[in-house]
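Chemist: query35.csv is reproduced below (CSV, C-alpha atoms).
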```csv
chain,number,residue,atom,x,y,z
W,279,MET,CA,-80.6,140.2,-19.8
W,280,SER,CA,-78.9,142.7,-22.1
W,281,GLN,CA,-78.9,142.3,-25.9
W,282,ILE,CA,-75.2,141.5,-25.7
W,283,THR,CA,-75.5,138.7,-23.2
W,284,ASP,CA,-78.6,137.4,-24.9
W,285,ASN,CA,-76.8,137.2,-28.2
W,286,TYR,CA,-73.9,135.3,-26.6
W,287,ILE,CA,-76.2,132.7,-25.1
W,288,THR,CA,-78.1,132.3,-28.4
W,289,ASN,CA,-74.9,131.8,-30.3
W,290,LEU,CA,-73.6,129.4,-27.6
W,291,ALA,CA,-76.7,127.2,-28.0
W,292,LYS,CA,-75.9,126.7,-31.7
W,293,TYR,CA,-72.6,125.0,-30.8
W,294,LEU,CA,-74.1,122.7,-28.2
W,295,THR,CA,-76.4,120.6,-30.4
W,296,ASP,CA,-74.2,117.6,-29.8
W,297,LEU,CA,-75.2,117.5,-26.1
W,298,SER,CA,-78.4,116.0,-24.9
W,299,ASP,CA,-81.4,118.2,-24.3
W,300,ILE,CA,-80.9,118.0,-20.6
W,301,GLU,CA,-77.2,118.9,-20.8
W,302,ARG,CA,-77.8,121.7,-23.3
W,303,THR,CA,-80.6,123.3,-21.2
W,304,ASN,CA,-78.6,123.1,-18.0
W,305,ASN,CA,-75.5,124.7,-19.5
W,306,LEU,CA,-77.4,127.5,-21.1
W,307,ASN,CA,-79.2,128.3,-17.9
W,308,PHE,CA,-75.9,128.3,-16.0
W,309,TYR,CA,-74.0,130.6,-18.4
W,310,ARG,CA,-77.0,132.9,-18.5
W,311,GLU,CA,-76.7,133.3,-14.8
W,312,PHE,CA,-72.9,133.5,-15.0
W,313,LEU,CA,-73.1,136.5,-17.3
W,314,LEU,CA,-75.8,138.2,-15.2
W,315,ASP,CA,-73.9,137.6,-12.0
W,316,GLY,CA,-70.7,139.0,-13.5
W,317,ASP,CA,-72.4,142.1,-14.8
W,318,PHE,CA,-70.7,141.9,-18.1
W,319,GLN,CA,-71.3,145.1,-20.1
W,320,THR,CA,-69.6,144.4,-23.4
W,321,LYS,CA,-68.9,141.6,-25.8
W,322,GLU,CA,-65.2,142.1,-25.2
W,323,GLU,CA,-65.5,141.6,-21.5
W,324,ILE,CA,-67.4,138.4,-22.0
W,325,GLU,CA,-65.0,136.9,-24.4
W,326,LYS,CA,-62.0,138.0,-22.3
W,327,GLU,CA,-63.3,135.7,-19.5
W,328,LEU,CA,-65.1,132.9,-21.4
W,329,GLY,CA,-63.9,133.1,-24.9
W,330,THR,CA,-66.1,133.2,-28.0
W,331,PRO,CA,-69.3,131.0,-28.0
W,332,ALA,CA,-67.5,128.4,-30.2
W,333,GLU,CA,-64.5,128.3,-27.9
W,334,LEU,CA,-66.6,127.9,-24.8
W,335,ALA,CA,-68.8,125.2,-26.4
W,336,LYS,CA,-65.7,123.2,-27.2
W,337,LEU,CA,-64.6,123.4,-23.5
W,338,ILE,CA,-68.0,122.4,-22.3
W,339,LYS,CA,-68.1,119.3,-24.6
W,340,GLN,CA,-64.6,118.3,-23.5
W,341,ASP,CA,-65.6,118.3,-19.9
W,342,TYR,CA,-68.6,116.1,-20.6
W,343,GLU,CA,-66.5,113.7,-22.7
W,344,ARG,CA,-64.0,113.4,-19.8
W,345,ILE,CA,-66.8,112.3,-17.4
W,346,LYS,CA,-68.3,110.0,-20.0
W,347,ALA,CA,-64.9,108.3,-20.4
W,348,LYS,CA,-64.4,108.0,-16.7
W,349,THR,CA,-67.8,106.5,-16.0
W,350,ALA,CA,-67.8,104.1,-18.9
W,351,VAL,CA,-64.8,101.9,-18.2
W,352,SER,CA,-65.2,98.4,-19.7
W,353,LYS,CA,-66.1,95.6,-17.4
W,354,ASN,CA,-63.4,93.5,-19.1
W,355,GLU,CA,-60.6,95.8,-18.1
W,356,ALA,CA,-58.6,94.6,-15.1
W,357,SER,CA,-58.6,98.1,-13.6
W,358,ALA,CA,-62.4,98.2,-13.6
W,359,SER,CA,-63.1,94.8,-12.1
W,360,ASP,CA,-62.4,92.5,-9.2
W,361,ASN,CA,-60.2,89.6,-10.6
W,362,TYR,CA,-61.1,86.4,-8.9
W,363,VAL,CA,-60.4,82.8,-9.7
W,364,ARG,CA,-63.0,80.1,-10.3
W,365,GLY,CA,-61.0,77.0,-10.7
W,366,PHE,CA,-58.0,78.0,-12.8
W,367,HIS,CA,-59.9,80.6,-14.8
W,368,VAL,CA,-59.5,84.3,-14.0
W,369,GLU,CA,-62.8,86.2,-14.2
W,370,LYS,CA,-63.0,89.9,-14.8
W,371,ASN,CA,-66.7,90.5,-14.3
W,372,PRO,CA,-68.8,91.8,-11.4
W,373,LEU,CA,-69.6,89.4,-8.6
W,374,ARG,CA,-73.1,90.9,-8.6
W,375,LYS,CA,-74.7,93.3,-11.1
W,376,ARG,CA,-78.2,94.6,-10.8
W,377,THR,CA,-80.7,97.4,-11.5
W,378,ILE,CA,-82.9,98.9,-8.8
W,379,LEU,CA,-86.0,101.0,-9.5
W,380,PRO,CA,-86.6,102.6,-6.2
W,381,THR,CA,-89.5,104.6,-4.8
W,382,LYS,CA,-89.1,108.4,-4.9
W,383,PHE,CA,-86.6,110.0,-2.5
W,384,GLY,CA,-85.5,113.5,-1.7
W,385,LYS,CA,-82.0,112.9,-0.2
W,386,ILE,CA,-79.0,110.6,-0.7
W,387,LYS,CA,-76.7,109.4,2.0
W,388,LEU,CA,-73.5,107.5,1.3
W,389,SER,CA,-71.6,105.1,3.6
W,390,LEU,CA,-69.1,103.5,1.3
W,391,ILE,CA,-65.7,101.8,1.8
W,392,ASN,CA,-64.5,101.1,-1.8
W,393,ALA,CA,-66.9,102.3,-4.5
W,394,ASP,CA,-67.1,104.8,-7.3
W,395,VAL,CA,-70.3,106.8,-7.3
W,396,PHE,CA,-71.9,108.6,-10.2
W,397,ILE,CA,-75.0,110.7,-9.5
W,398,HIS,CA,-76.5,112.6,-12.4
W,399,GLN,CA,-79.7,113.7,-14.1
W,400,GLY,CA,-81.2,111.4,-16.7
W,401,GLU,CA,-84.4,110.2,-18.4
W,402,ARG,CA,-85.7,108.0,-15.6
W,403,LEU,CA,-85.2,107.2,-11.9
W,404,ALA,CA,-82.9,104.2,-11.5
W,405,ILE,CA,-79.9,102.8,-9.7
W,406,PHE,CA,-77.3,100.6,-11.3
W,407,ILE,CA,-74.9,98.6,-9.0
W,408,ALA,CA,-72.0,96.4,-9.9
W,409,ASP,CA,-70.2,94.7,-7.0
W,410,TYR,CA,-66.6,94.1,-7.9
W,411,ASN,CA,-65.5,93.1,-4.4
W,412,SER,CA,-66.7,90.8,-1.6
W,413,ARG,CA,-68.7,93.6,0.1
W,414,PRO,CA,-72.2,93.8,-1.4
W,415,VAL,CA,-73.6,97.3,-2.0
W,416,ASN,CA,-77.0,97.9,-0.4
W,417,ALA,CA,-79.4,100.6,-1.6
W,418,VAL,CA,-82.7,101.2,0.2
W,419,VAL,CA,-85.1,104.1,0.6
W,420,ALA,CA,-86.1,105.0,4.2
W,421,ASN,CA,-87.8,108.2,5.3
W,422,GLN,CA,-87.5,109.7,1.8
W,423,THR,CA,-83.7,109.2,1.9
W,424,LEU,CA,-81.8,106.8,-0.4
W,425,LEU,CA,-79.2,105.0,1.8
W,426,ILE,CA,-76.3,103.5,-0.1
W,427,ASP,CA,-73.8,101.5,2.0
W,428,GLU,CA,-71.5,98.5,1.7
W,429,LEU,CA,-72.3,95.4,3.8
W,430,PRO,CA,-69.7,93.2,5.5
W,431,SER,CA,-67.6,90.9,3.3
W,432,LYS,CA,-69.4,87.9,2.0
W,433,GLU,CA,-67.0,85.0,1.5
W,434,GLU,CA,-67.7,82.4,-1.1
W,435,ASN,CA,-65.8,79.2,-1.1
W,436,HIS,CA,-65.4,79.0,-4.9
W,437,HIS,CA,-63.8,82.4,-5.1
W,438,LEU,CA,-60.2,83.1,-4.3
W,439,LEU,CA,-59.9,86.8,-4.1
W,440,LEU,CA,-56.7,88.5,-5.3
W,441,ASN,CA,-56.9,91.4,-3.0
W,442,TRP,CA,-54.1,93.4,-4.5
W,443,GLN,CA,-56.1,93.6,-7.7
W,444,THR,CA,-59.5,94.1,-6.2
W,445,GLY,CA,-61.3,97.1,-7.6
W,446,GLY,CA,-64.1,99.1,-6.1
W,447,SER,CA,-67.7,98.6,-6.8
W,448,ARG,CA,-69.6,100.9,-9.1
W,449,ILE,CA,-72.8,102.8,-8.4
W,450,GLU,CA,-74.8,104.9,-10.7
W,451,VAL,CA,-77.8,106.9,-9.5
W,452,ILE,CA,-80.0,108.6,-12.2
W,453,ILE,CA,-82.3,111.4,-11.2
W,454,PRO,CA,-85.1,112.3,-13.6
W,455,LYS,CA,-85.3,116.0,-12.7
W,456,GLN,CA,-82.4,118.4,-11.9
W,457,ASN,CA,-84.0,119.4,-8.6
W,458,SER,CA,-85.5,116.0,-7.7
W,459,ILE,CA,-83.2,115.7,-4.6
W,460,THR,CA,-82.3,118.4,-2.1
W,461,LYS,CA,-79.2,116.9,-0.3
W,462,ILE,CA,-76.3,114.5,-0.8
W,463,SER,CA,-74.2,113.6,2.2
W,464,GLY,CA,-72.0,110.8,3.7
W,465,THR,CA,-68.6,109.3,3.4
W,466,ASN,CA,-66.6,107.4,0.8
W,467,ILE,CA,-63.3,105.7,1.3
W,468,ASP,CA,-61.1,104.5,-1.6
W,469,GLY,CA,-63.5,105.6,-4.3
W,470,ASP,CA,-64.4,108.5,-6.6
W,471,ILE,CA,-67.5,110.7,-6.4
W,472,ILE,CA,-68.9,112.2,-9.6
W,473,LEU,CA,-71.9,114.6,-9.6
W,474,GLN,CA,-73.3,116.1,-12.8
W,475,ASN,CA,-76.4,118.1,-13.9
W,476,LEU,CA,-77.9,118.5,-10.4
W,477,GLN,CA,-79.6,121.3,-8.5
W,478,LEU,CA,-79.4,120.8,-4.7
W,479,ASN,CA,-79.8,122.7,-1.4
W,480,GLU,CA,-76.9,121.0,0.4
W,481,ILE,CA,-73.9,118.8,-0.1
W,482,SER,CA,-71.9,117.4,2.8
W,483,LEU,CA,-69.3,114.9,1.9
W,484,THR,CA,-66.2,113.3,3.5
W,485,GLN,CA,-63.9,111.8,0.9
W,486,ARG,CA,-60.8,109.7,1.6
W,487,ASN,CA,-58.3,108.3,-1.0
W,488,GLY,CA,-60.5,109.2,-3.9
W,489,ASN,CA,-61.2,112.0,-6.4
W,490,THR,CA,-64.2,114.3,-6.5
W,491,LEU,CA,-65.5,115.5,-9.8
W,492,ILE,CA,-68.4,118.0,-10.1
W,493,ASN,CA,-69.8,119.3,-13.4
W,494,ASN,CA,-72.8,121.6,-13.8
W,495,VAL,CA,-74.1,121.4,-10.2
W,496,ASN,CA,-76.1,124.2,-8.5
W,497,VAL,CA,-75.9,124.3,-4.7
W,498,ASN,CA,-78.3,126.8,-3.3
W,499,LYS,CA,-77.3,126.7,0.4
W,500,ASN,CA,-74.3,125.0,1.8
W,501,PHE,CA,-71.6,122.8,0.3
W,502,GLN,CA,-69.1,121.2,2.7
W,503,LEU,CA,-66.3,118.9,1.5
W,504,SER,CA,-63.5,117.3,3.4
W,505,SER,CA,-61.1,115.5,1.1
W,506,LYS,CA,-57.8,113.7,2.0
W,507,ASN,CA,-55.5,112.1,-0.6
W,508,GLY,CA,-57.6,113.0,-3.6
W,509,ASP,CA,-58.0,115.7,-6.2
W,510,LEU,CA,-61.0,118.0,-6.6
W,511,THR,CA,-62.3,119.2,-10.0
W,512,LEU,CA,-65.2,121.7,-10.1
W,513,VAL,CA,-66.6,122.8,-13.4
W,514,GLN,CA,-69.7,124.9,-14.4
W,515,THR,CA,-70.9,124.9,-10.8
W,516,LYS,CA,-72.6,127.5,-8.6
W,517,ILE,CA,-72.0,127.5,-4.9
W,518,VAL,CA,-73.8,130.0,-2.7
W,519,LYS,CA,-71.7,129.0,0.4
W,520,GLY,CA,-68.9,126.5,0.4
W,521,ILE,CA,-66.4,125.3,3.0
W,522,PHE,CA,-63.7,123.0,1.6
W,523,ASP,CA,-60.8,121.3,3.3
W,524,ILE,CA,-58.4,119.6,0.8
W,525,HIS,CA,-55.5,117.7,2.2
W,526,ASN,CA,-52.9,116.1,0.0
W,527,GLY,CA,-54.6,116.8,-3.3
W,528,ASP,CA,-54.9,119.4,-6.0
W,529,THR,CA,-57.9,121.7,-6.6
W,530,ASN,CA,-59.0,122.7,-10.1
W,531,ILE,CA,-62.0,125.0,-10.4
W,532,LYS,CA,-63.2,126.3,-13.8
W,533,ARG,CA,-66.0,128.4,-15.1
W,534,SER,CA,-67.9,128.5,-11.8
W,535,ILE,CA,-69.7,131.0,-9.6
W,536,LEU,CA,-68.4,130.9,-6.0
W,537,LYS,CA,-70.3,133.3,-3.7
W,538,ARG,CA,-68.9,132.7,-0.3
W,539,PHE,CA,-66.2,130.2,-0.7
W,540,THR,CA,-63.7,129.1,2.0
W,541,LEU,CA,-60.9,126.8,1.0
W,542,GLU,CA,-58.1,125.4,3.1
W,543,SER,CA,-55.5,123.5,1.1
W,544,THR,CA,-52.6,121.5,2.5
W,545,ASN,CA,-49.9,119.9,0.3
W,546,GLY,CA,-51.6,120.6,-3.0
W,547,ASP,CA,-51.8,123.2,-5.8
W,548,ALA,CA,-55.0,125.1,-6.6
W,549,SER,CA,-56.1,126.8,-9.8
W,550,PHE,CA,-59.1,129.0,-10.6
W,551,SER,CA,-60.0,129.7,-14.2
W,552,GLN,CA,-62.8,131.8,-15.7
W,553,CYS,CA,-64.6,132.1,-12.4
W,554,ASN,CA,-66.7,134.7,-10.6
W,555,LEU,CA,-65.6,134.3,-7.0
W,556,THR,CA,-65.5,135.6,-3.5
W,557,LEU,CA,-62.7,133.6,-1.9
W,558,LYS,CA,-61.2,133.1,1.5
W,559,PHE,CA,-58.2,130.9,0.9
W,560,GLN,CA,-55.5,129.5,3.2
W,561,ALA,CA,-52.8,127.4,1.6
W,562,LYS,CA,-49.9,125.4,3.0
W,563,ASN,CA,-47.3,124.0,0.7
W,564,GLY,CA,-48.9,124.7,-2.6
W,565,ASP,CA,-49.1,127.2,-5.5
W,566,ILE,CA,-52.2,129.1,-6.4
W,567,LYS,CA,-53.1,130.2,-10.0
W,568,ILE,CA,-56.0,132.5,-10.7
W,569,LYS,CA,-56.6,133.6,-14.3
W,570,GLN,CA,-59.4,135.0,-16.5
W,571,SER,CA,-61.5,135.5,-13.5
W,572,GLN,CA,-63.2,138.3,-11.5
W,573,PHE,CA,-63.6,138.9,-7.8
W,574,ILE,CA,-67.2,139.7,-7.0
W,575,ASN,CA,-66.5,140.8,-3.5
W,576,LYS,CA,-63.6,140.8,-0.9
W,577,THR,CA,-61.1,138.1,-1.4
W,578,THR,CA,-58.4,137.1,1.1
W,579,ILE,CA,-55.5,134.7,0.3
W,580,ILE,CA,-52.9,133.5,2.9
W,581,LEU,CA,-49.9,131.5,1.6
W,582,ALA,CA,-47.7,129.6,4.0
W,583,ALA,CA,-45.2,128.2,1.4
W,584,GLY,CA,-46.1,128.7,-2.2
W,585,ASP,CA,-46.4,131.1,-5.1
W,586,LEU,CA,-49.5,133.0,-6.2
W,587,TYR,CA,-50.0,133.6,-10.0
W,588,LEU,CA,-52.5,136.2,-11.2
W,589,ASN,CA,-53.3,136.4,-14.9
W,590,GLN,CA,-55.9,138.3,-17.0
W,591,LEU,CA,-58.2,139.2,-14.2
W,592,ALA,CA,-61.4,140.6,-15.7
W,593,HIS,CA,-61.7,143.8,-13.8
W,594,ASP,CA,-59.5,146.5,-12.2
W,595,ILE,CA,-59.4,145.7,-8.5
W,596,SER,CA,-57.8,147.0,-5.4
W,597,TYR,CA,-54.8,145.1,-4.1
W,598,GLN,CA,-53.3,144.6,-0.6
W,599,LEU,CA,-50.3,142.4,-1.2
W,600,ALA,CA,-47.6,141.5,1.3
W,601,THR,CA,-44.7,139.0,1.5
W,602,GLU,CA,-42.3,138.0,4.2
W,603,HIS,CA,-39.8,135.9,2.3
W,604,GLY,CA,-40.8,136.4,-1.3
W,605,ASN,CA,-41.1,139.0,-4.1
W,606,ILE,CA,-44.1,140.8,-5.7
W,607,ILE,CA,-43.5,140.6,-9.4
W,608,TYR,CA,-45.4,142.4,-12.2
W,609,HIS,CA,-44.8,141.0,-15.7
W,610,ARG,CA,-46.5,142.9,-18.6
W,611,SER,CA,-49.8,143.2,-16.8
W,612,SER,CA,-52.3,146.1,-16.9
W,613,ILE,CA,-54.5,144.9,-14.0
W,614,GLY,CA,-54.5,147.3,-11.0
W,615,THR,CA,-52.3,150.3,-10.6
W,616,LYS,CA,-51.0,150.2,-7.0
W,617,PHE,CA,-50.8,147.7,-4.2
W,618,TYR,CA,-52.9,149.7,-1.6
W,619,SER,CA,-55.6,151.2,-3.7
W,620,LYS,CA,-58.8,152.5,-2.1
W,621,THR,CA,-60.6,153.1,-5.4
W,622,SER,CA,-63.0,150.2,-5.0
W,623,LEU,CA,-65.2,149.5,-2.0
W,624,ASN,CA,-66.4,146.1,-3.1
W,625,ASP,CA,-63.8,144.3,-5.3
W,626,TRP,CA,-60.5,143.8,-3.7
W,627,LEU,CA,-57.8,141.2,-3.2
W,628,LYS,CA,-55.7,140.9,0.0
W,629,VAL,CA,-52.8,138.5,-0.1
W,630,THR,CA,-50.2,137.5,2.5
W,631,ALA,CA,-47.4,135.2,1.5
W,632,ASN,CA,-45.0,134.0,4.1
W,633,THR,CA,-42.6,132.0,1.9
W,634,GLY,CA,-43.3,132.5,-1.8
W,635,ASP,CA,-43.7,135.0,-4.6
W,636,ILE,CA,-46.7,136.9,-5.8
W,637,ILE,CA,-46.5,137.0,-9.6
W,638,ILE,CA,-48.8,139.1,-11.7
W,639,TYR,CA,-48.4,138.6,-15.4
```
Can you dump the structure from the file as structure tokens?

Modeler:
Amino acid sequence: MSQITDNYITNLAKYLTDLSDIERTNNLNFYREFLLDGDFQTKEEIEKELGTPAELAKLIKQDYERIKAKTAVSKNEASASDNYVRGFHVEKNPLRKRTILPTKFGKIKLSLINADVFIHQGERLAIFIADYNSRPVNAVVANQTLLIDELPSKEENHHLLLNWQTGGSRIEVIIPKQNSITKISGTNIDGDIILQNLQLNEISLTQRNGNTLINNVNVNKNFQLSSKNGDLTLVQTKIVKGIFDIHNGDTNIKRSILKRFTLESTNGDASFSQCNLTLKFQAKNGDIKIKQSQFINKTTIILAAGDLYLNQLAHDISYQLATEHGNIIYHRSSIGTKFYSKTSLNDWLKVTANTGDIIIY
């Protein structure tokens, strides 16, 4: 690491003292790799993409606060619990709540119908489960794999379930070491999935009617995600190879390293901010925004019906831009000099827009 990048990481550490030791270490390691991967040569280049250490630290802490707020909903809030009637009194507490201390495992497989899942690094290995509906959550370890699924509905005579108010169960899995597990896979219907502070080889998830939120996760091999009717948020994450299919949902990716990233998006907007990326993107009925980022290899974008916005790209790159029923608009931008440049062999952007504008500003 150069003295410039070393100084940046050292200064960043000073502003992250509010985080836990685990969070601080994970973030410093990620941004150290981010700077090396992007081959930043000057302080100005770094700050153009990431901001000053103080500005970046503020964004990092805000992302952790958002996840903390989302995973710490009070059990007494109606939105967080299954309202059921015992006599004439409405209860707003879990039907079952328990802590499991499992044996060690290397993989996690989900088979869930209506549950929010939070998997993250922590001090000790543990699983916390709160059943807020009539389907008990089962968690067992078999063949070094933690299997989490929902069992058939268990009816209880003294409970009258108000199904239109029924909320999903809540599952929290704490991993003591960042690289304790190698793979997370499975399905979730009508629930959110949150992953934080993990280092994995593979992720393979099918998500329906729920959001996916990933913060500070390193995926060394493959990441496959199929999501329908839910948003995807990806922050401070490295993906060596990713194939994502997002249908009826927005994609928001910030401060991440995407090596070989294929994204198909239908009926949703997508935004990339402060990223190092190699992107193959096909979008139907949605806008794309890419800002304060750099392409680390060949990037191809195909738009069926939507606009592409490019803003403050970190490096001069070669463009191949074409539209059938739209305009290519430059607005006070200094990135690139011509549409069909051959000055760069590695970093280039090829865009085809059928019905929409390409706007560089």

Chemist: Between W:Ile574, W:Leu491, W:Leu588, W:Leu425, which has the minimum distance to W:Ser551 (counting all atoms listed in the file)?

Modeler: W:Leu588

Chemist: Skip W:Phe406 itself and residues of its chain fewer than 4 positions away, then list as a list in words all residues within 10 Å of it, counting only C-alpha atoms.

Modeler: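 Contacts, with the query itself left out: Lys375, Arg376, Thr377, Ile378, Leu379, Phe396, Ala417, Arg448, Ile449, Glu450, Val451 and Ile452 of chain W.
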
Chemist: Of the residues W:Thr283, W:Arg486, W:Gly316, W:Ser298, which is the one nearest to W:Arg533, using all atoms listed in the file?

Modeler: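 Of W:Thr283, W:Arg486, W:Gly316, W:Ser298, the one nearest W:Arg533, counting all atoms listed in the file, is W:Gly316.
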
Chemist: Would you kindly return, as a PyMOL selection string, each protein, DNA or RNA residue with an atom no farther than 12 Å from any atom of W:Asp470, considering only C-alpha atoms and excluding same-chain residues fewer than 6 positions away?

Modeler: chain W and resi 345+348-349+390-397+445-450+483-492+505+507-511

Chemist: Pick the closest to W:Phe308 from W:Gln502, W:Thr295, W:Asn494, W:Gln456: which is it, counting only C-alpha atoms?

Modeler: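 Looking only at the distances to W:Phe308, the closest residue turns out to be W:Asn494.
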
Chemist: Expressed in Å to a single decimal, how great is the separation between atom CA of W:Leu599 and atom CA of W:Leu555?

Modeler: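 Those two atoms sit 18.3 Å apart.
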
Chemist: Would you mind telling me which residue in W:Ile607, W:Ala583, W:Ile462, W:Val629 lies nearest to W:Lys558 when using all atoms listed in the file?

Modeler: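 Closest residue, counting all atoms listed in the file: W:Val629.
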
Chemist: Mind giving me the straight-line distance from atom CA of W:Val513 to atom CA of W:Ser389 in Å, one decimal?

Modeler: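 Answer for the atom CA of W:Val513 to atom CA of W:Ser389 separation: 25.0 Å.
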
Chemist: Rounded to one decimal place, report the atom CA of W:Ile566-atom CA of W:Ser549 distance in Å.

Modeler: 5.7 Å

Chemist: Quick one: everything within 12 Å of W:Lys326, counting all atoms listed in the file, minus sequence neighbours fewer than 5 positions away in the same chain. Send it as a VMD selection string.

Modeler: chain W and resid 318 to 321 331 333 to 334 551 to 553 569 to 572 589 to 593

Chemist: List as a list in words the protein and nucleic acid residues near W:Leu581, meaning an atom at most 7 Å away when all atoms listed in the file are counted, but skip any in the same chain fewer than 5 places from it.

Modeler: Gln560, Ala561, Lys562, Thr630, Ala631 and Asn632 of chain W

Chemist: Atoms to include: C-alpha atoms. Write the selected residues as a PDB file, keeping the file's coordinate frame.

Modeler:
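What ended up in selection19.pdb:
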```pdb
ATOM      1  CA  GLN W 560     -55.500 129.500   3.200  1.00  0.00           C
ATOM      2  CA  ALA W 561     -52.800 127.400   1.600  1.00  0.00           C
ATOM      3  CA  LYS W 562     -49.900 125.400   3.000  1.00  0.00           C
ATOM      4  CA  THR W 630     -50.200 137.500   2.500  1.00  0.00           C
ATOM      5  CA  ALA W 631     -47.400 135.200   1.500  1.00  0.00           C
ATOM      6  CA  ASN W 632     -45.000 134.000   4.100  1.00  0.00           C
TER       7      ASN W 632
END
```

Chemist: So that I can check the surroundings of W:Asp585, please list as a ChimeraX atom specification every protein, DNA and RNA residue that reaches within 7 Å of it, counting all atoms listed in the file and ignoring chain neighbours fewer than 3 positions away.

Modeler: /W:565-566,634-636

Chemist: W:Asn475, W:Ser534, W:Glu327, W:Ile453: which is nearest W:Arg302, counting all atoms listed in the file?

Modeler: W:Asn475
